[in-house]
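> First the structure, then my questions, so here it is.
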Amino acid sequence: MTDGVEQDSSWPFDLDLSALDTGSITNLIMDIENHLPLLTSEGDMQELLRVKKLFEEELMDSRRLH
């Protein structure tokens with residue numbers, strides 16, 4: 001899982017994140033964190049954590065709009 005997360009094909013959906021600013025991505029990460037306690041399936045939790053990690057990596061991208 002850690003080796004392929006930088007590839008676009010690792011996204012579970014087709015989404016262009018280039019138009020999102022840091023505030024929007026931060027809000028998405030916070031929404032994910034708020035939903036994590038509500039999940040009952042380990043598989044669902046792992047998938048949501050994977051998406052959260054991808055958003056966090058996008059947030060850290062040096063080319064991100066601020």
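Chain labels run A, B, ... following the order of the structure tokens; each chain numbers its residues from 1, and ligands are numbered from 1 in the order shown.
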May I have the residues within 12 Å of A:Ile32 as a list in words, using only C-alpha atoms and disregarding those fewer than 5 positions away in the same chain?

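Here the qualifying residues turn out to be Ile25, Thr26, Asn27, Pro37, Leu38, Leu39, Asp44, Met45, Gln46, Glu47, Leu48, Leu49, Arg50, Val51, Lys52, Lys53, Leu54, Phe55 and Glu56 of chain A.
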
> Take the residues from that selection and write them out as a PDB file, in the first residue's frame, keeping C-alpha atoms.


ATOM      1  CA  ILE A  25      -8.620  19.640   1.202  1.00  0.00           C
ATOM      2  CA  THR A  26      -8.321  20.320   4.947  1.00  0.00           C
ATOM      3  CA  ASN A  27     -12.126  20.309   5.226  1.00  0.00           C
ATOM      4  CA  PRO A  37     -15.649   6.488  14.390  1.00  0.00           C
ATOM      5  CA  LEU A  38     -18.948   5.704  12.656  1.00  0.00           C
ATOM      6  CA  LEU A  39     -17.534   2.877  10.530  1.00  0.00           C
ATOM      7  CA  ASP A  44     -14.328   0.397   5.132  1.00  0.00           C
ATOM      8  CA  MET A  45     -12.099   1.991   7.751  1.00  0.00           C
ATOM      9  CA  GLN A  46      -8.928   0.964   5.909  1.00  0.00           C
ATOM     10  CA  GLU A  47     -10.266   2.330   2.616  1.00  0.00           C
ATOM     11  CA  LEU A  48     -11.221   5.657   4.213  1.00  0.00           C
ATOM     12  CA  LEU A  49      -7.807   5.891   5.884  1.00  0.00           C
ATOM     13  CA  ARG A  50      -6.216   5.267   2.478  1.00  0.00           C
ATOM     14  CA  VAL A  51      -8.234   8.120   0.957  1.00  0.00           C
ATOM     15  CA  LYS A  52      -7.340  10.356   3.914  1.00  0.00           C
ATOM     16  CA  LYS A  53      -3.643   9.623   3.374  1.00  0.00           C
ATOM     17  CA  LEU A  54      -3.939  10.524  -0.299  1.00  0.00           C
ATOM     18  CA  PHE A  55      -5.604  13.840   0.573  1.00  0.00           C
ATOM     19  CA  GLU A  56      -2.873  14.515   3.150  1.00  0.00           C
TER      20      GLU A  56
END

> Please indicate the distance in Å from atom CA of A:Asp31 to atom CA of A:Glu57, rounded to one decimal place.

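Separation between atom CA of A:Asp31 and atom CA of A:Glu57: 16.2 Å.
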
> What is the atom CA of A:Gly23-atom CA of A:Asp61 distance in Å, reported with one decimal?

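We find that atom CA of A:Gly23 and atom CA of A:Asp61 lie 13.7 Å from each other.
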
> Go ahead and compute the interatomic distance for atom CA of A:Leu28 and atom CA of A:Leu59, in Å to one decimal.

10.7 Å
